[in-house]
Amino acid sequence: MKAIICFLSYSGNTEEVAELLQKQLIENDYAVDMYMIGYGLVPDLSVYDKVFLGTFTWDRGSTPDEMKDFVREVGYKPNNVFVFGSGDTQFGGDDLFCGAVDKLVKFFNSDIRGLKIEQSPRGSQEKIVTTWLEGVLKNAKGKNIRPEKSE
Ligand SMILES: Cc1cc2nc3c(=O)[nH]c(=O)nc-3n(C[C@H](O)[C@H](O)[C@H](O)COP(=O)(O)O)c2cc1C
């Protein structure tokens, strides 16, 4: 099984979540590619069994422009996308906490709720990452079917 983790991170928190997911996916026998959004060519997502998409949130629950550009460049909605992110509840409390995660879950019709981490995942929140990934690996229904290429 192949997975890709595409993530956007300015100060490293989302990247840390991405690295934890990478480690745990490898432990579950996945081959994992990492893609830092904004660096290099946008990968062909249709070759992966699972696509993980990670983002921080800013500007009152907004999705960063680089993430919007990435989604635009991908150009279609894979149905095997799982969204994670880091945020900070001090920016507007629960409503706006990791708002970009909620928006991407909705956009990609992900069948698993998004993973939301407060700042860095190191320490007590590592368990939350592990439990979420277990849920994805057990329960995700999405298969990677690229509609325009499936005939
Ligand atoms: C100007 C600014 C606005 C922010 N707004 C939000 C927000 O609305 N909701 C949220 O959950 N986090 C918000 N954050 C917190 C970041 O999303 C959080 O620090 C995140 O962990 C950064 O991820 P990174 O280290 O991967 O760049 C904001 C941070 C900054 C600097």
# chains A, B, ... in the order shown; residues from 1 in each chain; ligands from 1

call {"tool": "residues_near_ligand", "arguments": {"ligand": "ligand 1", "cutoff": "7 Å", "atoms": "only C-alpha atoms and all ligand atoms", "output": "list in words"}}
result
Leu8, Ser9, Tyr10, Ser11, Gly12, Asn13, Thr14, Glu15, Thr55, Phe56, Thr57, Trp58, Asp59, Arg60, Gly61, Ser62, Ser86, Gly87, Asp88, Thr89, Phe91, Gly92, Leu96, Phe97, Cys98, Gly99, Glu118, Gln119 and Ser120 of chain A

call {"tool": "select_by_dssp", "arguments": {"residues": "chain A", "states": "helix (DSSP H, G or I)", "output": "number ranges by chain"}}
result
A: 13-27, 45-47, 65-74, 93-96, 99-107, 126-139, 147-149

call {"tool": "residues_around", "arguments": {"residues": "A:Leu104", "least_positions_apart": "3", "cutoff": "10 Å", "atoms": "only C-alpha atoms", "output": "ChimeraX atom specification"}}
result
/A:53-55,63,67-68,71,81-84,99-101,107-110,114

call {"tool": "residues_around", "arguments": {"residues": "stretch 129-131 of chain A", "least_positions_apart": "4", "cutoff": "12 Å", "atoms": "only C-alpha atoms", "output": "CSV table (one decimal) with N, CA and C atoms, in the first residue's frame"}}
result
chain,number,residue,atom,x,y,z
A,14,THR,N,2.7,21.5,12.0
A,14,THR,CA,2.0,20.6,11.1
A,14,THR,C,3.0,19.5,10.5
A,16,GLU,N,5.5,18.3,12.2
A,16,GLU,CA,5.7,17.3,13.2
A,16,GLU,C,4.5,16.3,13.2
A,17,VAL,N,3.3,16.7,12.9
A,17,VAL,CA,2.2,15.8,12.8
A,17,VAL,C,2.4,14.9,11.6
A,18,ALA,N,2.9,15.5,10.5
A,18,ALA,CA,3.1,14.7,9.3
A,18,ALA,C,4.2,13.7,9.6
A,19,GLU,N,5.2,14.0,10.3
A,19,GLU,CA,6.3,13.0,10.6
A,19,GLU,C,5.8,11.9,11.5
A,20,LEU,N,4.9,12.2,12.4
A,20,LEU,CA,4.4,11.1,13.3
A,20,LEU,C,3.5,10.2,12.4
A,21,LEU,N,2.7,10.8,11.5
A,21,LEU,CA,1.9,9.9,10.7
A,21,LEU,C,2.8,9.1,9.8
A,22,GLN,N,3.8,9.7,9.2
A,22,GLN,CA,4.8,8.9,8.4
A,22,GLN,C,5.3,7.7,9.1
A,23,LYS,N,5.8,8.0,10.3
A,23,LYS,CA,6.4,6.9,11.1
A,23,LYS,C,5.4,5.8,11.3
A,24,GLN,N,4.2,6.2,11.7
A,24,GLN,CA,3.2,5.1,12.0
A,24,GLN,C,2.6,4.4,10.8
A,25,LEU,N,2.6,5.1,9.7
A,25,LEU,CA,2.2,4.4,8.5
A,25,LEU,C,3.2,3.4,8.0
A,27,GLU,N,5.2,1.8,10.0
A,27,GLU,CA,5.0,0.7,10.9
A,27,GLU,C,3.9,-0.2,10.5
A,28,ASN,N,2.9,0.4,9.8
A,28,ASN,CA,1.8,-0.4,9.3
A,28,ASN,C,2.0,-0.9,7.8
A,83,VAL,N,-7.6,14.4,6.3
A,83,VAL,CA,-7.1,15.7,6.6
A,83,VAL,C,-6.7,15.8,8.1
A,84,PHE,N,-5.5,16.5,8.2
A,84,PHE,CA,-5.0,16.7,9.6
A,84,PHE,C,-4.5,18.2,9.6
A,85,GLY,N,-4.4,18.7,10.8
A,85,GLY,CA,-3.8,20.0,10.9
A,85,GLY,C,-3.5,20.4,12.3
A,86,SER,N,-2.8,21.5,12.4
A,86,SER,CA,-2.5,22.1,13.8
A,86,SER,C,-3.0,23.5,13.8
A,114,GLY,N,-11.6,15.1,10.6
A,114,GLY,CA,-10.2,15.6,10.6
A,114,GLY,C,-9.5,15.5,11.9
A,115,LEU,N,-8.2,15.4,11.8
A,115,LEU,CA,-7.4,15.4,13.0
A,115,LEU,C,-6.9,16.8,13.4
A,116,LYS,N,-7.2,17.2,14.6
A,116,LYS,CA,-6.9,18.6,15.0
A,116,LYS,C,-5.9,18.6,16.2
A,117,ILE,N,-4.8,19.2,16.0
A,117,ILE,CA,-3.8,19.2,17.1
A,117,ILE,C,-3.5,20.6,17.5
A,118,GLU,N,-3.4,20.8,18.8
A,118,GLU,CA,-3.1,22.1,19.3
A,118,GLU,C,-1.6,22.3,19.3
A,120,SER,N,2.1,21.9,18.8
A,120,SER,CA,2.9,20.7,18.5
A,120,SER,C,2.3,19.5,19.0
A,121,PRO,N,2.4,18.4,18.2
A,121,PRO,CA,1.8,17.1,18.7
A,121,PRO,C,2.7,16.4,19.7
A,122,ARG,N,3.9,16.9,19.9
A,122,ARG,CA,4.8,16.1,20.8
A,122,ARG,C,4.2,16.1,22.2
A,123,GLY,N,4.4,14.9,22.9
A,123,GLY,CA,3.9,14.7,24.2
A,123,GLY,C,2.5,14.1,24.2
A,124,SER,N,1.6,14.6,25.0
A,124,SER,CA,0.4,14.0,25.3
A,124,SER,C,-0.5,13.8,24.0
A,125,GLN,N,-0.3,14.7,23.1
A,125,GLN,CA,-1.2,14.6,21.9
A,125,GLN,C,-0.8,13.5,20.9
A,135,GLY,N,-8.0,4.8,13.2
A,135,GLY,CA,-9.4,4.9,12.7
A,135,GLY,C,-9.4,5.0,11.2
A,136,VAL,N,-8.5,5.7,10.6
A,136,VAL,CA,-8.4,5.8,9.2
A,136,VAL,C,-8.1,4.5,8.6
A,137,LEU,N,-7.1,3.8,9.2
A,137,LEU,CA,-6.7,2.5,8.6
A,137,LEU,C,-7.8,1.4,8.7
A,138,LYS,N,-8.6,1.5,9.8
A,138,LYS,CA,-9.7,0.5,10.0
A,138,LYS,C,-10.9,0.9,9.2
A,139,ASN,N,-11.3,2.1,9.2
A,139,ASN,CA,-12.7,2.5,8.8
A,139,ASN,C,-12.8,3.2,7.4

call {"tool": "closest_residue", "arguments": {"among": "A:Val42, A:Val51, A:Ile5, A:Ile112", "to": "A:Gly75", "atoms": "only C-alpha atoms"}}
result
A:Val42

call {"tool": "closest_residue", "arguments": {"among": "A:Tyr35, A:Phe52, A:Asp102, A:Asp65", "to": "A:Asn80", "atoms": "only C-alpha atoms"}}
result
A:Phe52

call {"tool": "select_by_dssp", "arguments": {"residues": "chain A", "states": "strand (DSSP E)", "output": "JSON, numbers by chain"}}
result
{"A": [2, 3, 4, 5, 6, 7, 31, 32, 33, 34, 35, 36, 50, 51, 52, 53, 54, 55, 56, 81, 82, 83, 84, 85, 86, 87, 115, 116, 117, 118]}

call {"tool": "closest_residue", "arguments": {"among": "A:Val105, A:Val74, A:Ala31, A:Ile4", "to": "A:Lys50", "atoms": "only C-alpha atoms"}}
result
A:Ile4

call {"tool": "atom_distance", "arguments": {"atom1": "atom CA of A:Tyr30", "atom2": "atom CA of A:Met1"}}
result
5.1 Å

call {"tool": "atom_distance", "arguments": {"atom1": "atom CA of A:Pro78", "atom2": "atom CA of A:Asp111"}}
result
11.9 Å

call {"tool": "atom_distance", "arguments": {"atom1": "atom CA of A:Lys77", "atom2": "atom CA of A:Tyr39"}}
result
20.9 Å

call {"tool": "decode", "arguments": {"residues": "stretch 19-136 of chain A", "atoms": "C-alpha atoms", "output": "short mmCIF file (atom, residue, chain, number, x, y, z; two decimals), in the first residue's frame"}}
result
data_model
loop_
_atom_site.label_atom_id
_atom_site.label_comp_id
_atom_site.auth_asym_id
_atom_site.auth_seq_id
_atom_site.Cartn_x
_atom_site.Cartn_y
_atom_site.Cartn_z
CA GLU A 19 6.28 13.05 10.58
CA LEU A 20 4.39 11.15 13.28
CA LEU A 21 1.90 9.93 10.69
CA GLN A 22 4.76 8.94 8.37
CA LYS A 23 6.41 6.89 11.11
CA GLN A 24 3.17 5.14 12.05
CA LEU A 25 2.19 4.44 8.45
CA ILE A 26 5.59 2.84 7.84
CA GLU A 27 5.02 0.70 10.95
CA ASN A 28 1.77 -0.39 9.26
CA ASP A 29 3.66 -1.49 6.13
CA TYR A 30 2.85 1.52 3.97
CA ALA A 31 5.34 3.01 1.55
CA VAL A 32 5.12 6.73 2.31
CA ASP A 33 6.01 9.75 0.21
CA MET A 34 6.22 13.20 1.78
CA TYR A 35 5.39 16.38 -0.12
CA MET A 36 5.94 19.84 1.33
CA ILE A 37 3.36 22.04 -0.33
CA GLY A 38 5.02 24.84 -2.27
CA TYR A 39 8.22 22.92 -2.92
CA GLY A 40 8.53 21.28 -6.32
CA LEU A 41 6.02 19.78 -8.71
CA VAL A 42 2.60 18.83 -7.41
CA PRO A 43 2.55 15.02 -7.24
CA ASP A 44 0.13 12.77 -9.12
CA LEU A 45 -2.20 11.76 -6.28
CA SER A 46 -3.97 9.07 -8.33
CA VAL A 47 -1.18 6.53 -7.70
CA TYR A 48 -1.73 6.44 -3.92
CA ASP A 49 -4.03 4.25 -1.84
CA LYS A 50 -4.33 7.02 0.75
CA VAL A 51 -3.72 10.74 0.55
CA PHE A 52 -3.07 12.67 3.77
CA LEU A 53 -3.43 16.41 3.63
CA GLY A 54 -2.08 18.60 6.43
CA THR A 55 -2.45 22.32 7.07
CA PHE A 56 -2.25 24.99 9.69
CA THR A 57 -5.08 27.53 10.06
CA TRP A 58 -4.81 31.28 10.06
CA ASP A 59 -6.82 34.48 9.71
CA ARG A 60 -9.84 33.48 11.81
CA GLY A 61 -10.33 29.91 10.73
CA SER A 62 -9.10 30.34 7.16
CA THR A 63 -7.28 28.00 4.85
CA PRO A 64 -3.85 29.36 3.87
CA ASP A 65 -3.54 30.52 0.23
CA GLU A 66 -0.76 28.01 -0.49
CA MET A 67 -3.14 25.19 0.43
CA LYS A 68 -5.88 26.62 -1.79
CA ASP A 69 -3.38 26.85 -4.66
CA PHE A 70 -2.35 23.24 -4.09
CA VAL A 71 -5.95 22.04 -4.15
CA ARG A 72 -6.51 24.00 -7.37
CA GLU A 73 -3.40 22.51 -8.96
CA VAL A 74 -4.45 18.97 -8.03
CA GLY A 75 -7.49 19.77 -10.13
CA TYR A 76 -9.84 16.99 -9.03
CA LYS A 77 -11.18 15.60 -5.77
CA PRO A 78 -9.61 12.26 -4.90
CA ASN A 79 -12.00 10.31 -2.67
CA ASN A 80 -9.31 8.91 -0.41
CA VAL A 81 -8.21 12.13 1.29
CA PHE A 82 -7.68 12.32 5.06
CA VAL A 83 -7.13 15.71 6.61
CA PHE A 84 -5.05 16.75 9.58
CA GLY A 85 -3.82 20.04 10.92
CA SER A 86 -2.53 22.07 13.77
CA GLY A 87 -3.99 25.24 15.18
CA ASP A 88 -4.28 27.24 18.34
CA THR A 89 -7.47 27.67 20.35
CA GLN A 90 -6.35 31.13 21.47
CA PHE A 91 -7.32 32.34 17.97
CA GLY A 92 -11.09 32.47 18.38
CA GLY A 93 -11.71 29.43 20.54
CA ASP A 94 -13.25 26.14 19.43
CA ASP A 95 -15.18 27.57 16.48
CA LEU A 96 -12.15 28.76 14.57
CA PHE A 97 -9.74 26.15 15.92
CA CYS A 98 -8.26 24.29 12.94
CA GLY A 99 -10.96 25.77 10.71
CA ALA A 100 -8.92 24.88 7.62
CA VAL A 101 -9.16 21.19 8.59
CA ASP A 102 -12.96 21.37 8.73
CA LYS A 103 -13.08 23.15 5.37
CA LEU A 104 -10.87 20.59 3.64
CA VAL A 105 -12.76 17.64 5.14
CA LYS A 106 -15.94 19.09 3.69
CA PHE A 107 -14.40 19.93 0.32
CA PHE A 108 -12.99 16.43 -0.18
CA ASN A 109 -16.03 14.67 1.38
CA SER A 110 -13.63 12.78 3.57
CA ASP A 111 -15.30 9.85 5.31
CA ILE A 112 -13.16 10.33 8.43
CA ARG A 113 -13.30 13.40 10.68
CA GLY A 114 -10.23 15.64 10.57
CA LEU A 115 -7.37 15.37 13.05
CA LYS A 116 -6.90 18.61 14.99
CA ILE A 117 -3.78 19.18 17.06
CA GLU A 118 -3.11 22.13 19.33
CA GLN A 119 0.28 23.48 18.25
CA SER A 120 2.94 20.75 18.50
CA PRO A 121 1.84 17.10 18.70
CA ARG A 122 4.83 16.13 20.83
CA GLY A 123 3.89 14.74 24.22
CA SER A 124 0.35 13.96 25.30
CA GLN A 125 -1.20 14.60 21.88
CA GLU A 126 0.84 11.85 20.17
CA LYS A 127 -1.83 9.42 21.37
CA ILE A 128 -4.49 11.43 19.55
CA VAL A 129 -2.51 11.11 16.31
CA THR A 130 -2.14 7.36 16.79
CA THR A 131 -5.83 6.83 17.55
CA TRP A 132 -6.91 8.92 14.56
CA LEU A 133 -4.63 7.01 12.19
CA GLU A 134 -5.90 3.69 13.53
CA GLY A 135 -9.41 4.91 12.71
CA VAL A 136 -8.37 5.84 9.17
#
